[in-house]
$ cat target-v2.txt   # compact mmCIF, N, CA and C atoms
# COMPACT_ATOMS: atom_id res chain seq x y z
N MET A 1 0.85 -1.17 0.00
CA MET A 1 0.00 0.00 0.00
C MET A 1 0.89 1.23 0.00
N SER A 2 0.62 2.17 -0.88
CA SER A 2 1.34 3.43 -0.85
C SER A 2 0.37 4.53 -1.21
N ALA A 3 0.59 5.68 -0.60
CA ALA A 3 -0.34 6.78 -0.83
C ALA A 3 0.37 8.10 -0.61
N GLU A 4 -0.21 9.14 -1.18
CA GLU A 4 0.27 10.49 -0.94
C GLU A 4 -0.91 11.32 -0.48
N HIS A 5 -0.66 12.14 0.50
CA HIS A 5 -1.69 13.02 1.02
C HIS A 5 -1.10 14.42 1.03
N ALA A 6 -1.78 15.39 0.45
CA ALA A 6 -1.24 16.74 0.38
C ALA A 6 -2.26 17.73 0.91
N THR A 7 -1.71 18.78 1.50
CA THR A 7 -2.54 19.92 1.88
C THR A 7 -1.80 21.17 1.48
N GLY A 8 -2.50 22.23 1.29
CA GLY A 8 -1.87 23.50 1.00
C GLY A 8 -1.67 23.76 -0.48
N ALA A 9 -1.86 22.79 -1.34
CA ALA A 9 -1.70 23.00 -2.77
C ALA A 9 -2.93 23.75 -3.30
N THR A 10 -2.70 24.64 -4.22
CA THR A 10 -3.80 25.41 -4.78
C THR A 10 -3.89 25.14 -6.27
N ALA A 11 -5.08 25.32 -6.83
CA ALA A 11 -5.29 25.10 -8.26
C ALA A 11 -4.72 26.25 -9.07
N ALA A 12 -4.82 27.48 -8.56
CA ALA A 12 -4.32 28.65 -9.27
C ALA A 12 -2.84 28.83 -8.99
N ARG A 13 -2.13 29.40 -9.97
CA ARG A 13 -0.71 29.68 -9.76
C ARG A 13 -0.55 30.76 -8.71
N PRO A 14 0.46 30.64 -7.86
CA PRO A 14 0.69 31.66 -6.84
C PRO A 14 1.09 33.00 -7.48
N VAL A 15 0.77 34.07 -6.78
CA VAL A 15 1.10 35.41 -7.25
C VAL A 15 2.26 35.92 -6.41
N LEU A 16 3.36 36.26 -7.07
CA LEU A 16 4.58 36.67 -6.38
C LEU A 16 4.33 37.78 -5.36
N ALA A 17 3.57 38.80 -5.73
CA ALA A 17 3.34 39.95 -4.85
C ALA A 17 2.55 39.59 -3.59
N GLU A 18 1.89 38.44 -3.59
CA GLU A 18 1.08 38.03 -2.44
C GLU A 18 1.84 37.10 -1.49
N LEU A 19 3.11 36.83 -1.78
CA LEU A 19 3.90 35.89 -0.98
C LEU A 19 4.82 36.61 -0.02
N SER A 20 5.10 35.97 1.10
CA SER A 20 6.03 36.50 2.10
C SER A 20 6.98 35.39 2.54
N VAL A 21 8.20 35.78 2.89
CA VAL A 21 9.15 34.82 3.46
C VAL A 21 8.51 34.23 4.72
N GLY A 22 8.58 32.93 4.84
CA GLY A 22 7.99 32.22 5.98
C GLY A 22 6.65 31.58 5.68
N ASP A 23 6.01 31.98 4.56
CA ASP A 23 4.74 31.36 4.18
C ASP A 23 4.94 29.87 3.92
N VAL A 24 4.07 29.04 4.46
CA VAL A 24 4.09 27.61 4.16
C VAL A 24 3.30 27.40 2.87
N VAL A 25 3.95 26.81 1.87
CA VAL A 25 3.29 26.59 0.58
C VAL A 25 2.53 25.27 0.55
N GLY A 26 2.85 24.37 1.47
CA GLY A 26 2.11 23.12 1.53
C GLY A 26 2.84 22.08 2.35
N THR A 27 2.12 21.01 2.62
CA THR A 27 2.68 19.86 3.32
C THR A 27 2.23 18.61 2.58
N ARG A 28 2.98 17.56 2.75
CA ARG A 28 2.64 16.30 2.08
C ARG A 28 3.19 15.15 2.91
N THR A 29 2.44 14.08 2.94
CA THR A 29 2.89 12.83 3.52
C THR A 29 3.00 11.82 2.39
N VAL A 30 4.15 11.16 2.29
CA VAL A 30 4.34 10.14 1.27
C VAL A 30 4.63 8.82 1.98
N GLU A 31 3.81 7.83 1.70
CA GLU A 31 4.00 6.49 2.26
C GLU A 31 4.69 5.63 1.21
N VAL A 32 5.83 5.06 1.59
CA VAL A 32 6.63 4.26 0.67
C VAL A 32 6.61 2.81 1.12
N ASP A 33 6.23 1.93 0.22
CA ASP A 33 6.27 0.50 0.51
C ASP A 33 7.16 -0.18 -0.52
N ARG A 34 7.35 -1.49 -0.37
CA ARG A 34 8.24 -2.23 -1.26
C ARG A 34 7.74 -2.22 -2.70
N ALA A 35 6.43 -2.27 -2.90
CA ALA A 35 5.89 -2.25 -4.27
C ALA A 35 6.25 -0.95 -4.96
N ARG A 36 6.20 0.16 -4.24
CA ARG A 36 6.57 1.45 -4.84
C ARG A 36 8.05 1.46 -5.21
N LEU A 37 8.89 0.85 -4.39
CA LEU A 37 10.32 0.77 -4.71
C LEU A 37 10.55 -0.03 -5.98
N VAL A 38 9.81 -1.13 -6.13
CA VAL A 38 9.94 -1.96 -7.34
C VAL A 38 9.52 -1.16 -8.57
N ARG A 39 8.40 -0.43 -8.46
CA ARG A 39 7.95 0.38 -9.60
C ARG A 39 8.97 1.47 -9.94
N TYR A 40 9.53 2.11 -8.90
CA TYR A 40 10.51 3.16 -9.14
C TYR A 40 11.78 2.57 -9.78
N ALA A 41 12.21 1.41 -9.30
CA ALA A 41 13.39 0.77 -9.88
C ALA A 41 13.19 0.50 -11.37
N GLY A 42 12.01 0.01 -11.72
CA GLY A 42 11.72 -0.25 -13.13
C GLY A 42 11.71 1.01 -13.96
N ALA A 43 11.14 2.07 -13.43
CA ALA A 43 11.05 3.34 -14.17
C ALA A 43 12.42 4.01 -14.29
N SER A 44 13.23 3.91 -13.24
CA SER A 44 14.52 4.62 -13.23
C SER A 44 15.68 3.79 -13.75
N GLY A 45 15.52 2.47 -13.74
CA GLY A 45 16.62 1.60 -14.12
C GLY A 45 17.61 1.36 -12.99
N ASP A 46 17.28 1.80 -11.77
CA ASP A 46 18.16 1.64 -10.62
C ASP A 46 17.76 0.38 -9.86
N PHE A 47 18.43 -0.72 -10.17
CA PHE A 47 18.12 -2.01 -9.55
C PHE A 47 19.15 -2.40 -8.49
N ASN A 48 19.81 -1.42 -7.89
CA ASN A 48 20.77 -1.69 -6.84
C ASN A 48 20.07 -2.52 -5.76
N PRO A 49 20.69 -3.63 -5.32
CA PRO A 49 20.03 -4.50 -4.35
C PRO A 49 19.76 -3.85 -2.99
N ILE A 50 20.35 -2.71 -2.68
CA ILE A 50 20.02 -2.05 -1.41
C ILE A 50 18.58 -1.56 -1.40
N HIS A 51 17.95 -1.55 -2.58
CA HIS A 51 16.56 -1.09 -2.68
C HIS A 51 15.55 -2.24 -2.73
N TRP A 52 16.03 -3.50 -2.64
CA TRP A 52 15.08 -4.61 -2.67
C TRP A 52 15.51 -5.85 -1.89
N ASN A 53 16.79 -5.93 -1.47
CA ASN A 53 17.29 -7.14 -0.83
C ASN A 53 17.77 -6.81 0.59
N ASP A 54 16.99 -7.23 1.60
CA ASP A 54 17.34 -6.93 2.99
C ASP A 54 18.71 -7.46 3.37
N THR A 55 19.01 -8.69 3.00
CA THR A 55 20.29 -9.30 3.37
C THR A 55 21.44 -8.48 2.81
N PHE A 56 21.38 -8.14 1.54
CA PHE A 56 22.45 -7.36 0.92
C PHE A 56 22.57 -5.99 1.59
N ALA A 57 21.44 -5.32 1.80
CA ALA A 57 21.45 -3.99 2.40
C ALA A 57 22.11 -4.03 3.79
N GLU A 58 21.76 -5.03 4.58
CA GLU A 58 22.33 -5.16 5.92
C GLU A 58 23.82 -5.48 5.86
N GLN A 59 24.24 -6.28 4.86
CA GLN A 59 25.66 -6.63 4.73
C GLN A 59 26.52 -5.41 4.41
N VAL A 60 25.93 -4.39 3.79
CA VAL A 60 26.71 -3.18 3.47
C VAL A 60 26.50 -2.09 4.52
N GLY A 61 25.88 -2.46 5.66
CA GLY A 61 25.78 -1.55 6.78
C GLY A 61 24.53 -0.71 6.86
N LEU A 62 23.55 -1.00 6.05
CA LEU A 62 22.28 -0.27 6.10
C LEU A 62 21.31 -0.96 7.06
N PRO A 63 20.28 -0.24 7.50
CA PRO A 63 19.31 -0.84 8.43
C PRO A 63 18.38 -1.85 7.76
N GLY A 64 18.49 -2.00 6.48
CA GLY A 64 17.63 -2.86 5.67
C GLY A 64 17.43 -2.16 4.34
N VAL A 65 16.45 -2.59 3.59
CA VAL A 65 16.16 -1.97 2.29
C VAL A 65 15.83 -0.50 2.49
N ILE A 66 16.40 0.33 1.63
CA ILE A 66 16.16 1.77 1.71
C ILE A 66 15.55 2.29 0.41
N ALA A 67 14.80 3.36 0.53
CA ALA A 67 14.22 4.01 -0.66
C ALA A 67 15.34 4.64 -1.48
N HIS A 68 15.13 4.72 -2.77
CA HIS A 68 16.07 5.39 -3.66
C HIS A 68 16.14 6.87 -3.25
N GLY A 69 17.33 7.41 -3.16
CA GLY A 69 17.48 8.82 -2.83
C GLY A 69 16.79 9.71 -3.85
N MET A 70 16.89 9.35 -5.11
CA MET A 70 16.27 10.17 -6.16
C MET A 70 14.75 10.08 -6.09
N PHE A 71 14.21 8.97 -5.60
CA PHE A 71 12.77 8.87 -5.38
C PHE A 71 12.35 9.88 -4.31
N THR A 72 13.08 9.88 -3.20
CA THR A 72 12.75 10.79 -2.10
C THR A 72 12.87 12.24 -2.57
N MET A 73 13.93 12.54 -3.31
CA MET A 73 14.13 13.89 -3.82
C MET A 73 12.98 14.29 -4.76
N GLY A 74 12.56 13.38 -5.62
CA GLY A 74 11.46 13.65 -6.54
C GLY A 74 10.13 13.82 -5.82
N ALA A 75 9.90 13.01 -4.80
CA ALA A 75 8.65 13.13 -4.04
C ALA A 75 8.58 14.48 -3.34
N ALA A 76 9.73 14.96 -2.88
CA ALA A 76 9.76 16.26 -2.19
C ALA A 76 9.45 17.40 -3.14
N VAL A 77 10.09 17.42 -4.29
CA VAL A 77 9.89 18.55 -5.21
C VAL A 77 8.50 18.53 -5.84
N ALA A 78 7.84 17.40 -5.85
CA ALA A 78 6.47 17.34 -6.38
C ALA A 78 5.54 18.28 -5.62
N LEU A 79 5.79 18.47 -4.33
CA LEU A 79 5.00 19.42 -3.55
C LEU A 79 5.12 20.83 -4.15
N VAL A 80 6.33 21.22 -4.52
CA VAL A 80 6.58 22.54 -5.09
C VAL A 80 5.96 22.65 -6.48
N GLU A 81 6.10 21.60 -7.28
CA GLU A 81 5.50 21.60 -8.62
C GLU A 81 3.99 21.79 -8.54
N ASP A 82 3.36 21.08 -7.63
CA ASP A 82 1.91 21.20 -7.47
C ASP A 82 1.52 22.60 -7.01
N TRP A 83 2.27 23.15 -6.06
CA TRP A 83 1.99 24.50 -5.57
C TRP A 83 2.16 25.53 -6.68
N ALA A 84 3.22 25.38 -7.47
CA ALA A 84 3.49 26.34 -8.55
C ALA A 84 2.50 26.22 -9.69
N GLY A 85 1.85 25.05 -9.81
CA GLY A 85 0.89 24.84 -10.89
C GLY A 85 1.53 24.47 -12.21
N ASP A 86 2.87 24.27 -12.20
CA ASP A 86 3.59 23.96 -13.44
C ASP A 86 4.97 23.41 -13.07
N PRO A 87 5.25 22.15 -13.39
CA PRO A 87 6.58 21.61 -13.07
C PRO A 87 7.71 22.39 -13.75
N GLY A 88 7.42 23.00 -14.89
CA GLY A 88 8.43 23.77 -15.61
C GLY A 88 8.79 25.07 -14.92
N ALA A 89 8.01 25.48 -13.93
CA ALA A 89 8.31 26.70 -13.19
C ALA A 89 9.48 26.51 -12.22
N VAL A 90 9.80 25.26 -11.90
CA VAL A 90 10.95 24.99 -11.03
C VAL A 90 12.21 25.10 -11.90
N VAL A 91 13.00 26.14 -11.64
CA VAL A 91 14.18 26.40 -12.48
C VAL A 91 15.48 25.93 -11.84
N ASP A 92 15.44 25.59 -10.56
CA ASP A 92 16.63 25.06 -9.89
C ASP A 92 16.15 24.23 -8.70
N TYR A 93 16.86 23.13 -8.44
CA TYR A 93 16.50 22.27 -7.32
C TYR A 93 17.76 21.59 -6.82
N GLN A 94 18.00 21.71 -5.51
CA GLN A 94 19.20 21.15 -4.93
C GLN A 94 18.90 20.54 -3.56
N THR A 95 19.67 19.53 -3.22
CA THR A 95 19.55 18.92 -1.89
C THR A 95 20.82 18.17 -1.55
N ARG A 96 20.89 17.75 -0.31
CA ARG A 96 21.93 16.84 0.17
C ARG A 96 21.22 15.65 0.80
N PHE A 97 21.73 14.47 0.51
CA PHE A 97 21.17 13.26 1.13
C PHE A 97 21.83 13.09 2.49
N THR A 98 21.02 13.09 3.56
CA THR A 98 21.57 13.07 4.90
C THR A 98 21.30 11.80 5.69
N ARG A 99 20.24 11.08 5.33
CA ARG A 99 19.86 9.88 6.09
C ARG A 99 18.99 9.01 5.19
N PRO A 100 19.16 7.68 5.23
CA PRO A 100 18.31 6.83 4.40
C PRO A 100 16.90 6.68 4.95
N VAL A 101 16.00 6.33 4.06
CA VAL A 101 14.61 6.02 4.42
C VAL A 101 14.48 4.50 4.36
N ALA A 102 14.49 3.86 5.53
CA ALA A 102 14.35 2.40 5.60
C ALA A 102 12.89 2.03 5.35
N VAL A 103 12.68 1.07 4.45
CA VAL A 103 11.32 0.66 4.08
C VAL A 103 11.09 -0.76 4.59
N PRO A 104 10.19 -0.92 5.57
CA PRO A 104 9.96 -2.24 6.16
C PRO A 104 9.21 -3.17 5.20
N ASN A 105 9.28 -4.45 5.56
CA ASN A 105 8.55 -5.45 4.78
C ASN A 105 7.95 -6.45 5.76
N PRO A 106 6.64 -6.43 5.94
CA PRO A 106 5.65 -5.56 5.29
C PRO A 106 5.60 -4.20 5.98
N GLY A 107 4.87 -3.31 5.38
CA GLY A 107 4.64 -2.01 5.99
C GLY A 107 5.04 -0.86 5.09
N VAL A 108 5.01 0.33 5.67
CA VAL A 108 5.34 1.53 4.92
C VAL A 108 6.30 2.40 5.73
N ALA A 109 7.08 3.17 5.00
CA ALA A 109 7.89 4.24 5.59
C ALA A 109 7.15 5.53 5.26
N THR A 110 6.96 6.37 6.26
CA THR A 110 6.22 7.61 6.06
C THR A 110 7.19 8.79 6.05
N VAL A 111 7.20 9.50 4.92
CA VAL A 111 8.06 10.67 4.74
C VAL A 111 7.17 11.91 4.81
N GLU A 112 7.56 12.87 5.64
CA GLU A 112 6.81 14.12 5.80
C GLU A 112 7.55 15.24 5.08
N ILE A 113 6.82 16.04 4.32
CA ILE A 113 7.42 17.12 3.53
C ILE A 113 6.67 18.41 3.82
N THR A 114 7.41 19.48 4.09
CA THR A 114 6.84 20.81 4.27
C THR A 114 7.65 21.78 3.42
N GLY A 115 6.94 22.63 2.68
CA GLY A 115 7.59 23.66 1.87
C GLY A 115 7.29 25.04 2.43
N THR A 116 8.33 25.86 2.56
CA THR A 116 8.21 27.21 3.12
C THR A 116 8.96 28.18 2.23
N ILE A 117 8.39 29.36 2.01
CA ILE A 117 9.09 30.39 1.25
C ILE A 117 10.32 30.83 2.05
N GLY A 118 11.50 30.67 1.45
CA GLY A 118 12.75 31.04 2.12
C GLY A 118 13.31 32.35 1.64
N ALA A 119 13.00 32.74 0.40
CA ALA A 119 13.50 34.00 -0.16
C ALA A 119 12.63 34.37 -1.35
N ILE A 120 12.54 35.68 -1.59
CA ILE A 120 11.80 36.21 -2.73
C ILE A 120 12.71 37.17 -3.48
N ASP A 121 12.81 36.99 -4.80
CA ASP A 121 13.56 37.91 -5.65
C ASP A 121 12.57 38.52 -6.64
N ALA A 122 12.00 39.66 -6.26
CA ALA A 122 10.97 40.30 -7.08
C ALA A 122 11.52 40.70 -8.45
N ASP A 123 12.79 41.14 -8.51
CA ASP A 123 13.38 41.55 -9.79
C ASP A 123 13.48 40.39 -10.77
N ALA A 124 13.85 39.22 -10.25
CA ALA A 124 13.97 38.03 -11.11
C ALA A 124 12.63 37.32 -11.28
N GLY A 125 11.65 37.64 -10.44
CA GLY A 125 10.36 36.97 -10.50
C GLY A 125 10.40 35.55 -9.96
N THR A 126 11.29 35.34 -8.97
CA THR A 126 11.45 33.99 -8.42
C THR A 126 11.27 33.97 -6.91
N VAL A 127 10.94 32.79 -6.42
CA VAL A 127 10.93 32.53 -4.98
C VAL A 127 11.74 31.27 -4.74
N ARG A 128 12.38 31.22 -3.57
CA ARG A 128 13.07 30.00 -3.16
C ARG A 128 12.18 29.32 -2.14
N VAL A 129 11.85 28.07 -2.42
CA VAL A 129 11.07 27.28 -1.48
C VAL A 129 12.02 26.33 -0.77
N ASP A 130 12.05 26.44 0.55
CA ASP A 130 12.87 25.56 1.37
C ASP A 130 12.01 24.39 1.80
N LEU A 131 12.52 23.19 1.57
CA LEU A 131 11.77 21.98 1.90
C LEU A 131 12.37 21.29 3.12
N THR A 132 11.50 20.92 4.04
CA THR A 132 11.90 20.09 5.18
C THR A 132 11.35 18.70 4.90
N VAL A 133 12.25 17.72 4.82
CA VAL A 133 11.86 16.35 4.46
C VAL A 133 12.36 15.44 5.58
N THR A 134 11.39 14.81 6.30
CA THR A 134 11.76 14.00 7.44
C THR A 134 11.17 12.59 7.37
N PHE A 135 11.85 11.69 8.06
CA PHE A 135 11.41 10.31 8.24
C PHE A 135 11.72 9.95 9.69
N GLU A 136 10.71 9.48 10.40
CA GLU A 136 10.84 9.15 11.82
C GLU A 136 11.40 10.33 12.61
N GLY A 137 10.98 11.53 12.26
CA GLY A 137 11.36 12.73 12.99
C GLY A 137 12.72 13.31 12.66
N ALA A 138 13.48 12.68 11.79
CA ALA A 138 14.81 13.17 11.44
C ALA A 138 14.86 13.55 9.96
N ARG A 139 15.62 14.57 9.64
CA ARG A 139 15.76 14.99 8.24
C ARG A 139 16.46 13.93 7.41
N VAL A 140 15.90 13.67 6.24
CA VAL A 140 16.53 12.73 5.31
C VAL A 140 17.13 13.46 4.12
N LEU A 141 16.70 14.69 3.89
CA LEU A 141 17.30 15.56 2.89
C LEU A 141 17.68 16.84 3.60
N GLY A 142 18.85 17.38 3.30
CA GLY A 142 19.29 18.60 3.93
C GLY A 142 19.49 19.71 2.91
N LYS A 143 19.30 20.94 3.35
CA LYS A 143 19.46 22.13 2.50
C LYS A 143 18.72 21.92 1.17
N THR A 144 17.49 21.50 1.29
CA THR A 144 16.66 21.21 0.11
C THR A 144 15.94 22.47 -0.30
N GLN A 145 16.30 22.97 -1.48
CA GLN A 145 15.78 24.23 -1.97
C GLN A 145 15.40 24.14 -3.45
N ALA A 146 14.23 24.71 -3.76
CA ALA A 146 13.77 24.79 -5.13
C ALA A 146 13.53 26.26 -5.47
N VAL A 147 14.04 26.70 -6.60
CA VAL A 147 13.78 28.05 -7.07
C VAL A 147 12.67 27.96 -8.11
N VAL A 148 11.64 28.80 -7.91
CA VAL A 148 10.46 28.77 -8.77
C VAL A 148 10.28 30.12 -9.43
N ARG A 149 10.12 30.11 -10.74
CA ARG A 149 9.83 31.36 -11.47
C ARG A 149 8.32 31.48 -11.60
N LEU A 150 7.79 32.58 -11.08
CA LEU A 150 6.33 32.79 -11.10
C LEU A 150 5.94 33.82 -12.14
$ encode --input "target-v2.txt" --output "structure tokens"
Amino acid sequence: MSAEHATGATAARPVLAELSVGDVVGTRTVEVDRARLVRYAGASGDFNPIHWNDTFAEQVGLPGVIAHGMFTMGAAVALVEDWAGDPGAVVDYQTRFTRPVAVPNPGVATVEITGTIGAIDADAGTVRVDLTVTFEGARVLGKTQAVVRL
């Protein structure tokens, strides 16, 4: 079972002049299970056994099977894309991988995502959205920032 739940996303594109630093643009919960990892592996071509084989993952020092870092990064920026109303409005996106997301079998790993306006550049027509991405209360992505042209 996997699901996404979002709040704060709007149907209309945000208006730069109506935004302030500190505004929360939205929150999202992403539940990751083993089936989602298999689908992501097929779509991305990343079949590294740390994403599907508990024994292998543990032998290399991981807590078990972990979600693909690029999956987690993509799930986080989807919040910004939805808020902006256009994935093409995201002109820059950066993060650091700080902690793995261990995915139990059976069960789900729950990733929490919050987007907040971190900076506004009225001259360039852009905003920087700072993303907080956590799993089990700890950040899994660090210094996660998306620049959006509005």
$ closest_residue --input "target-v2.txt" --among "A:Gly42, A:Gly61, A:Pro14, A:Gly142" --to "Arg96 of chain A" --atoms "all atoms listed in the file"
A:Gly142
$ closest_residue --input "target-v2.txt" --among "A:Gly45, A:Gly118, A:Pro87, A:Pro100" --to "Leu141 of chain A" --atoms "only N, CA and C atoms"
A:Pro100
$ atom_distance --input "target-v2.txt" --atom1 "atom CA of Ile50 of chain A" --atom2 "atom CA of Gln145 of chain A"
26.6 Å
$ select_by_dssp --input "target-v2.txt" --residues "chain A" --states "strand (DSSP E)" --output "tab-separated table (two decimals) with N, CA and C atoms, in the frame of the given file"
chain	number	residue	atom	x	y	z
A	4	GLU	N	-0.21	9.14	-1.18
A	4	GLU	CA	0.27	10.49	-0.94
A	4	GLU	C	-0.91	11.32	-0.48
A	5	HIS	N	-0.66	12.14	0.50
A	5	HIS	CA	-1.69	13.02	1.02
A	5	HIS	C	-1.10	14.42	1.03
A	6	ALA	N	-1.78	15.39	0.45
A	6	ALA	CA	-1.24	16.74	0.38
A	6	ALA	C	-2.26	17.73	0.91
A	7	THR	N	-1.71	18.78	1.50
A	7	THR	CA	-2.54	19.92	1.88
A	7	THR	C	-1.80	21.17	1.48
A	24	VAL	N	4.07	29.04	4.46
A	24	VAL	CA	4.09	27.61	4.16
A	24	VAL	C	3.30	27.40	2.87
A	25	VAL	N	3.95	26.81	1.87
A	25	VAL	CA	3.29	26.59	0.58
A	25	VAL	C	2.53	25.27	0.55
A	26	GLY	N	2.85	24.37	1.47
A	26	GLY	CA	2.11	23.12	1.53
A	26	GLY	C	2.84	22.08	2.35
A	27	THR	N	2.12	21.01	2.62
A	27	THR	CA	2.68	19.86	3.32
A	27	THR	C	2.23	18.61	2.58
A	28	ARG	N	2.98	17.56	2.75
A	28	ARG	CA	2.64	16.30	2.08
A	28	ARG	C	3.19	15.15	2.91
A	29	THR	N	2.44	14.08	2.94
A	29	THR	CA	2.89	12.83	3.52
A	29	THR	C	3.00	11.82	2.39
A	30	VAL	N	4.15	11.16	2.29
A	30	VAL	CA	4.34	10.14	1.27
A	30	VAL	C	4.63	8.82	1.98
A	31	GLU	N	3.81	7.83	1.70
A	31	GLU	CA	4.00	6.49	2.26
A	31	GLU	C	4.69	5.63	1.21
A	32	VAL	N	5.83	5.06	1.59
A	32	VAL	CA	6.63	4.26	0.67
A	32	VAL	C	6.61	2.81	1.12
A	90	VAL	N	9.80	25.26	-11.90
A	90	VAL	CA	10.95	24.99	-11.03
A	90	VAL	C	12.21	25.10	-11.90
A	91	VAL	N	13.00	26.14	-11.64
A	91	VAL	CA	14.18	26.40	-12.48
A	91	VAL	C	15.48	25.93	-11.84
A	92	ASP	N	15.44	25.59	-10.56
A	92	ASP	CA	16.63	25.06	-9.89
A	92	ASP	C	16.15	24.23	-8.70
A	93	TYR	N	16.86	23.13	-8.44
A	93	TYR	CA	16.50	22.27	-7.32
A	93	TYR	C	17.76	21.59	-6.82
A	94	GLN	N	18.00	21.71	-5.51
A	94	GLN	CA	19.20	21.15	-4.93
A	94	GLN	C	18.90	20.54	-3.56
A	95	THR	N	19.67	19.53	-3.22
A	95	THR	CA	19.55	18.92	-1.89
A	95	THR	C	20.82	18.17	-1.55
A	96	ARG	N	20.89	17.75	-0.31
A	96	ARG	CA	21.93	16.84	0.17
A	96	ARG	C	21.22	15.65	0.80
A	97	PHE	N	21.73	14.47	0.51
A	97	PHE	CA	21.17	13.26	1.13
A	97	PHE	C	21.83	13.09	2.49
A	109	ALA	N	7.08	3.17	5.00
A	109	ALA	CA	7.89	4.24	5.59
A	109	ALA	C	7.15	5.53	5.26
A	110	THR	N	6.96	6.37	6.26
A	110	THR	CA	6.22	7.61	6.06
A	110	THR	C	7.19	8.79	6.05
A	111	VAL	N	7.20	9.50	4.92
A	111	VAL	CA	8.06	10.67	4.74
A	111	VAL	C	7.17	11.91	4.81
A	112	GLU	N	7.56	12.87	5.64
A	112	GLU	CA	6.81	14.12	5.80
A	112	GLU	C	7.55	15.24	5.08
A	113	ILE	N	6.82	16.04	4.32
A	113	ILE	CA	7.42	17.12	3.53
A	113	ILE	C	6.67	18.41	3.82
A	114	THR	N	7.41	19.48	4.09
A	114	THR	CA	6.84	20.81	4.27
A	114	THR	C	7.65	21.78	3.42
A	115	GLY	N	6.94	22.63	2.68
A	115	GLY	CA	7.59	23.66	1.87
A	115	GLY	C	7.29	25.04	2.43
A	116	THR	N	8.33	25.86	2.56
A	116	THR	CA	8.21	27.21	3.12
A	116	THR	C	8.96	28.18	2.23
A	117	ILE	N	8.39	29.36	2.01
A	117	ILE	CA	9.09	30.39	1.25
A	117	ILE	C	10.32	30.83	2.05
A	118	GLY	N	11.50	30.67	1.45
A	118	GLY	CA	12.75	31.04	2.12
A	118	GLY	C	13.31	32.35	1.64
A	119	ALA	N	13.00	32.74	0.40
A	119	ALA	CA	13.50	34.00	-0.16
A	119	ALA	C	12.63	34.37	-1.35
A	120	ILE	N	12.54	35.68	-1.59
A	120	ILE	CA	11.80	36.21	-2.73
A	120	ILE	C	12.71	37.17	-3.48
A	121	ASP	N	12.81	36.99	-4.80
A	121	ASP	CA	13.56	37.91	-5.65
A	121	ASP	C	12.57	38.52	-6.64
A	126	THR	N	11.29	35.34	-8.97
A	126	THR	CA	11.45	33.99	-8.42
A	126	THR	C	11.27	33.97	-6.91
A	127	VAL	N	10.94	32.79	-6.42
A	127	VAL	CA	10.93	32.53	-4.98
A	127	VAL	C	11.74	31.27	-4.74
A	128	ARG	N	12.38	31.22	-3.57
A	128	ARG	CA	13.07	30.00	-3.16
A	128	ARG	C	12.18	29.32	-2.14
A	129	VAL	N	11.85	28.07	-2.42
A	129	VAL	CA	11.07	27.28	-1.48
A	129	VAL	C	12.02	26.33	-0.77
A	130	ASP	N	12.05	26.44	0.55
A	130	ASP	CA	12.87	25.56	1.37
A	130	ASP	C	12.01	24.39	1.80
A	131	LEU	N	12.52	23.19	1.57
A	131	LEU	CA	11.77	21.98	1.90
A	131	LEU	C	12.37	21.29	3.12
A	132	THR	N	11.50	20.92	4.04
A	132	THR	CA	11.90	20.09	5.18
A	132	THR	C	11.35	18.70	4.90
A	133	VAL	N	12.25	17.72	4.82
A	133	VAL	CA	11.86	16.35	4.46
A	133	VAL	C	12.36	15.44	5.58
A	134	THR	N	11.39	14.81	6.30
A	134	THR	CA	11.76	14.00	7.44
A	134	THR	C	11.17	12.59	7.37
A	135	PHE	N	11.85	11.69	8.06
A	135	PHE	CA	11.41	10.31	8.24
A	135	PHE	C	11.72	9.95	9.69
A	138	ALA	N	13.48	12.68	11.79
A	138	ALA	CA	14.81	13.17	11.44
A	138	ALA	C	14.86	13.55	9.96
A	139	ARG	N	15.62	14.57	9.64
A	139	ARG	CA	15.76	14.99	8.24
A	139	ARG	C	16.46	13.93	7.41
A	140	VAL	N	15.90	13.67	6.24
A	140	VAL	CA	16.53	12.73	5.31
A	140	VAL	C	17.13	13.46	4.12
A	141	LEU	N	16.70	14.69	3.89
A	141	LEU	CA	17.30	15.56	2.89
A	141	LEU	C	17.68	16.84	3.60
A	142	GLY	N	18.85	17.38	3.30
A	142	GLY	CA	19.29	18.60	3.93
A	142	GLY	C	19.49	19.71	2.91
A	143	LYS	N	19.30	20.94	3.35
A	143	LYS	CA	19.46	22.13	2.50
A	143	LYS	C	18.72	21.92	1.17
A	144	THR	N	17.49	21.50	1.29
A	144	THR	CA	16.66	21.21	0.11
A	144	THR	C	15.94	22.47	-0.30
A	145	GLN	N	16.30	22.97	-1.48
A	145	GLN	CA	15.78	24.23	-1.97
A	145	GLN	C	15.40	24.14	-3.45
A	146	ALA	N	14.23	24.71	-3.76
A	146	ALA	CA	13.77	24.79	-5.13
A	146	ALA	C	13.53	26.26	-5.47
A	147	VAL	N	14.04	26.70	-6.60
A	147	VAL	CA	13.78	28.05	-7.07
A	147	VAL	C	12.67	27.96	-8.11
A	148	VAL	N	11.64	28.80	-7.91
A	148	VAL	CA	10.46	28.77	-8.77
A	148	VAL	C	10.28	30.12	-9.43
A	149	ARG	N	10.12	30.11	-10.74
A	149	ARG	CA	9.83	31.36	-11.47
A	149	ARG	C	8.32	31.48	-11.60
$ select_by_dssp --input "target-v2.txt" --residues "chain A" --states "helix (DSSP H, G or I)" --output "ChimeraX atom specification"
/A:16-18,34-44,49-51,54-59,69-84,87-89
$ residues_around --input "target-v2.txt" --residues "segment 101-117 of chain A" --least-positions-apart "5" --cutoff "8 Å" --atoms "all atoms listed in the file" --output "JSON, numbers by chain"
{"A": [1, 2, 19, 20, 21, 22, 23, 24, 25, 26, 27, 28, 29, 30, 31, 32, 33, 34, 62, 63, 64, 65, 66, 67, 68, 69, 75, 76, 79, 80, 127, 128, 129, 130, 131, 132, 133, 134, 135, 136, 137, 140]}
$ closest_residue --input "target-v2.txt" --among "A:Arg39, A:Asn48, A:Glu18, A:Ala12" --to "Ala122 of chain A" --atoms "only C-alpha atoms"
A:Glu18
$ atom_distance --input "target-v2.txt" --atom1 "atom C of Asp86 of chain A" --atom2 "atom N of Ala43 of chain A"
22.2 Å
